[in-house]
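Student: Take a look at the following structure, please.
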Amino acid sequence: MIRDSNWSSRLFDASNYVFLTVFALLCLAPMVHIFAVSLSGRAPATGGFVSFWPIDFTLENYQEVMGSRTFLRSFLISVTRVLTGASLNMILIILTAYPLSKTPRAFRGRTIFIWFFVFAMLFDGGLIPSFMVVRSLGLLNTLGALILPNALPIFSVILMMNFFRDVPKELEESAVIDGASHWKVLWYIYLPLSLPAIATLTLLSSVNHWNAWFDGLIYMTDTANYPMQTFLRTVVVELDLTNIGIDPRDLQRLSDRAIRGAQIVVATVPILVVYPFLQRYFISGIKLGAVKE
Amino acid sequence: MTIREYMKRAWPLYAMIIPGIFFVLLFRYYPMYGVVIAFQDFSPAKGFLNSPWVGWENFEFLFSLPEFWRILGNTLIIAVAKIVADQIGAIILSLLLNEARMLFFRRAIQTLIYLPYFLSWIVLGGILLDVLSPYGILNQAIGNFGVEPQLFLGSNNWFRGTIITSGFWKNVGFSTIIYLAALTAINPALHEAAAIDGAGRFRRIWHITLPGIRPTIVLLAALSLGDVLQAGFEQILTLYSPAVYRTGDIIDTNVYRVGLVSAQYSLAGAVGLFKSLIGFGLILLSYWLADRYAGYRIL
C-alpha cells in the first residue's frame with residue numbers, strides 16, 4: 001500500500017472528494033427536485049417555491065395519478081409488454097446464441113449464419129421501410145408491434161454467444177459421451193452455468209421494453225393502446241411544448257406541475273426497484289462483452 | 001462423417017436457429033428491401049412492388065434542398081460534440097474515482113452517476129422540460145444572480161448546448177464503466193515501484209495510470225466513429241420544438257417528420273437510406289480501425 005502524506009497529495013484528495021460529491025449531487029439534483037415538487041401542495045408547487053424538499057407535504061398528486069384510468073391502463077400495457085417482450089427476447093437470444101457458439105466443424109454453416117446476423121445488426125433499413133413492414137403485417141395497434149420487430153436483439157446474441165464460448169468444453173464432451181443431445185446440453189449444462197449472463201440480459205431487455213416509447217408513438221394509432229412511456233410523453237412533452245413562451249405566471253399550467261412530477265416518479269419506480277441488480281449484474285455484463293480481449 | 005451422421009447429432013442446432021432467422025429476415029432484411037422506396041414515387045396503396053420508379057430523382061431533389069445540408073450539419077456537430085464531451089468526461093471521472101480510496105464513497109458516487117443512464121428520454125425529458133423552463137428551478141437559481149430567464153430549450157443559442165449537456169448527464173457515468181474496468185487491470189506493482197523510486201502522485205497518474213488505459217482510449221475513439229451520425233434521436237424528439245429546428249433538427253427527427261407525420265414516404269426514405277449507407281460505412285471503418293489499432297473484434 002502506498003501512502004501519500006505530503007500536503008499536495010492531501011489537498012488533491014480533499015478536492016477530489018469534494019468535486020466528486022458535488023458532481024454526483026448535481027446529477028441527482030433535477031430528479032430530487034421533481035420528486036419534491038410531486039410531494040408538494042398546490043400553492044408552493046404552483047408558485048415555484050419548492051427546491052429539494054416538499055412544502056405542504058401531500059400525497060394527493062399520487063392519488064390523482066393512481067386514480068386515473070388512462071394512466072393505469074398504459075401502466076398495465078407496459079407491464080404486459082415487459083413480461084412478454086423480455087421472455088420472447090431471452091428465448092430467442094439463447095436459442096440463437098447456442099448454435100453460433102459452436103465451432104464451424106460442429107455447426108456447419110456457422111460463418112454464413114453469423115454474417116447473416118451481424119450484417120442485419122450493422123445495416124439499418126431505416127425508419128420508414130420498417131414502419132411499412134410492420135403496417136403491412138397488420139400489426140398496428142397490437143402488442144405484436146411492440147415486441148416482434150425487435151424480438152431478437154442481435155448485440156445481446158453476440159454477448160450471450162461469447163459467454164457460451166467460455167463454458168468449459170470438457171463438460172459438454174462428457175455429457176455427449178453419455179448420449180446427451182444438443183437440447184439436453186443446452187438445458188442442463190449451458191443454461192445453469194450462464195445464469196449471470198442470462199440475468200444481465202433479462203434485466204437489460206426488461207429495462208429497454210419498459211423505457212421504449214417511440215414504437216408506441218408510431219405503431220399505436222389509438223392512444224388507448226399507448227404503453228406507459230408513450231402516454232407519459234403526451235403528458236409531459238406535448239403539453240409543455242404548447243406552453244413554451246407562455247406567461248410564467250400562468251397558474252393553470254403550473255397547477256399541473258406536481259401531477260406531472262408524480263407521473264414521472266411513478267414511471268421511474270420500477271427502474272429504481274431493479275436498479276441495485278442492474279448495477280451489479282450489468283457492470284459485470286458489459287465487461288463480459290465490451291472489453292473481452 | 002457423412003451428412004446423415006452429421007445431421008443426426010447436429011439437427012437441433014439448425015432447429016434452434018430457425019426462429020431467430022425468421023424474425024431477422026422479416027424485420028431486418030425485408031425493410032432493407034424496402035429502401036427501394038427511395039427510388040420510387042411510393043404510395044402505400046401500391047406497395048414496394050408496384051409503385052412507379054423515378055431513379056435518382058428523390059436524391060437530386062434532396063441534395064438541392066438547403067435544409068438537407070443544415071440537418072446533416074446539425075447531426076454531425078451535435079454527435080461529435082457529444083462523443084468528445086462524453087469520452088473526455090468519462091476519462092477524467094474514472095481517473096478521479098480511481099484516486100478516491102474510500103471504497104464506500106466510490107460505490108455511492110457510482111450509484112448516483114449511473115442512474116440517469118437507465119431512465120428513458122421521456123422521464124429525463126419531462127424532468128428537463130420542467131427544470132429548464134422559463135419559470136423552472138434553474139432560471140430561478142440564475143435569477144438570484146440577476147440573470148434574465150433563458151430559454152434553454154427554446155432558443156437557438158442554447159439548444160445544442162442543452163442537448164450536449166443533458167446527453168452528458170445521461171451517459172457519462174455509464175461510460176466510465178469501461179475505463180474503470182481498464183484501471184483495475186493496471187498492475188499495482190507498477191505504482192509501488194514508481195513510488196519507491198520517488199514518483200509523486202501526479203507523476204504516477206501521468207506515467208502509469210494514463211498509459212495503462214491508453215489502449216482503451218484508442219479502442220473507444222475508434223468505435224465512436226460509428227456514432228458520428230447518431231446525435232440522439234429520442235432525446236431531440238423529446239426536447240426540441242419548431243423554434244429550434246434551425247440548430248436542433250437532425251436527420252432522424254427530419255425523417256420522422258417528413259415521412260411519418262407529413263407522409264412524404266419516398267423523400268424521407270431517401271434521407272433514411274443516405275444515413276443508413278453512410279452509417280454502415282462508418283461502422284465498418286470504425287471496426288477496422290478498432291481491430292487495426294486496438295486488436296478488438298466483436299466476434
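Chains: A, B, ... in order of the C-alpha cells. Residues: from 1 per chain. Ligands: from 1, in order shown.
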Within 9 Å of Val36 (chain B), counting only C-alpha atoms, which residues qualify if same-chain residues fewer than 5 places away don't, as a list in words?

Tutor: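 The neighbour list is Pro129 of chain A; Phe48, Trp53, Ser266, Gly269 and Ala270 of chain B.
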
Student: Show me, as a PyMOL selection string, the residues that have an atom within 8 Å of Lys170 (chain B) when counting only C-alpha atoms, minus same-chain residues fewer than 3 positions from it.

Tutor: chain B and resi 114-117+166-167+173

Student: Give me a file of those residues, with C-alpha atoms, as a PDB file, in the first residue's frame.

Tutor:
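Output contents, as saved in part.pdb:
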ATOM      1  CA  TYR B 114     -25.069   5.672 -13.359  1.00  0.00           C
ATOM      2  CA  LEU B 115     -28.742   6.197 -12.585  1.00  0.00           C
ATOM      3  CA  PRO B 116     -29.770   8.565 -15.429  1.00  0.00           C
ATOM      4  CA  TYR B 117     -28.478   6.049 -17.982  1.00  0.00           C
ATOM      5  CA  SER B 166     -28.147  16.615 -20.979  1.00  0.00           C
ATOM      6  CA  GLY B 167     -26.684  13.810 -23.107  1.00  0.00           C
ATOM      7  CA  GLY B 173     -21.456   7.851 -15.657  1.00  0.00           C
TER       8      GLY B 173
END

Student: Write out, as JSON lines, each residue of region 46-147 of chain B that has an atom at most 6 Å from region 241-265 of chain B, together with the closest pair of atoms and their distance in Å to one decimal, counting only C-alpha atoms, rows going by chain and rising number.

Tutor:
{"residue": "B:Ile71", "atom": "CA", "partner": "B:Ile250", "partner_atom": "CA", "distance": 4.8}
{"residue": "B:Asn74", "atom": "CA", "partner": "B:Ile250", "partner_atom": "CA", "distance": 5.8}
{"residue": "B:Thr75", "atom": "CA", "partner": "B:Ile250", "partner_atom": "CA", "distance": 4.9}

Student: Nearest to chain B among A:Ser194, A:Ser206, A:Thr230, A:Asn141, with distances taken over only C-alpha atoms: which residue is it?

Tutor: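 Under the stated criterion, the closest residue is A:Thr230.
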
Student: Restricting the calculation to only C-alpha atoms: of B:Leu284, B:Ile113, B:Leu289, B:Val271, which residue gets closest to Phe119 (chain A)?

Tutor: B:Leu284

Student: Taking 6 positions as the minimum chain separation for residues in the same chain, which residues sit within 12 Å of Val79 (chain A) when counting only C-alpha atoms? Answer as a ChimeraX atom specification.

Tutor: /A:72-73,85-86,143,206-207,209-211,227-229,267,270

Student: Rounded to one decimal place, report the CA of Val123 (chain B)-CA of Ile34 (chain A) distance in Å.

Tutor: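 CA of Val123 (chain B) sits 10.6 Å away from CA of Ile34 (chain A).
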
Student: Neighbours of region 158-169 of chain A within 7 Å (only C-alpha atoms; same-chain residues fewer than 5 positions away dropped), as a PyMOL selection string?

Tutor: chain A and resi 97-98+100-101+190+197+289

Student: Any chance you can output those residues with N, CA and C atoms as a CSV table (one decimal), in the first residue's frame?

Tutor:
chain,number,residue,atom,x,y,z
A,97,ALA,N,-28.0,-18.0,-29.8
A,97,ALA,CA,-26.6,-17.9,-29.4
A,97,ALA,C,-26.0,-19.3,-29.3
A,98,TYR,N,-26.8,-20.3,-28.9
A,98,TYR,CA,-26.2,-21.6,-28.6
A,98,TYR,C,-25.5,-22.2,-29.9
A,100,LEU,N,-24.6,-20.7,-32.6
A,100,LEU,CA,-23.5,-19.8,-33.0
A,100,LEU,C,-22.2,-19.9,-32.2
A,101,SER,N,-22.4,-20.4,-30.9
A,101,SER,CA,-21.2,-20.6,-30.1
A,101,SER,C,-20.4,-21.8,-30.4
A,190,TYR,N,-25.3,-25.6,-20.3
A,190,TYR,CA,-25.1,-24.2,-20.6
A,190,TYR,C,-25.9,-23.2,-19.8
A,197,ALA,N,-25.1,-14.2,-16.9
A,197,ALA,CA,-25.3,-13.5,-18.2
A,197,ALA,C,-26.8,-13.4,-18.6
A,289,GLY,N,-18.8,-8.3,-22.4
A,289,GLY,CA,-19.0,-8.1,-23.8
A,289,GLY,C,-18.0,-7.1,-24.4

Student: Find, counting only C-alpha atoms, the residue in A:Ala199, A:Leu25, A:Leu146, A:Leu191 that gets nearest to Asp215 (chain A).

Tutor: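 Nearest to Asp215 (chain A): A:Leu146.
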
Student: Hey, which of B:Ile205, B:Val35, B:Ile88, B:Ile217 ends up closest to chain A? Count only C-alpha atoms.

Tutor: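 Comparing B:Ile205, B:Val35, B:Ile88, B:Ile217 against chain A, the winner is B:Val35.
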
Student: Fewer than 5 positions away in the same chain doesn't count, so skip those; otherwise give me all residues within 12 Å of region 154-162 of chain B, counting only C-alpha atoms, as a ChimeraX atom specification.

Tutor: /A:240-246 /B:74-82,85,125,128-129,131-134,149,167-169,231-232,235-236,239-250

Student: Rounded to one decimal, what separation in Å do you get between CA of Ser40 (chain A) and CA of Ile55 (chain A)?

Tutor: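 Computing the Euclidean distance for CA of Ser40 (chain A) and CA of Ile55 (chain A) yields 5.0 Å.
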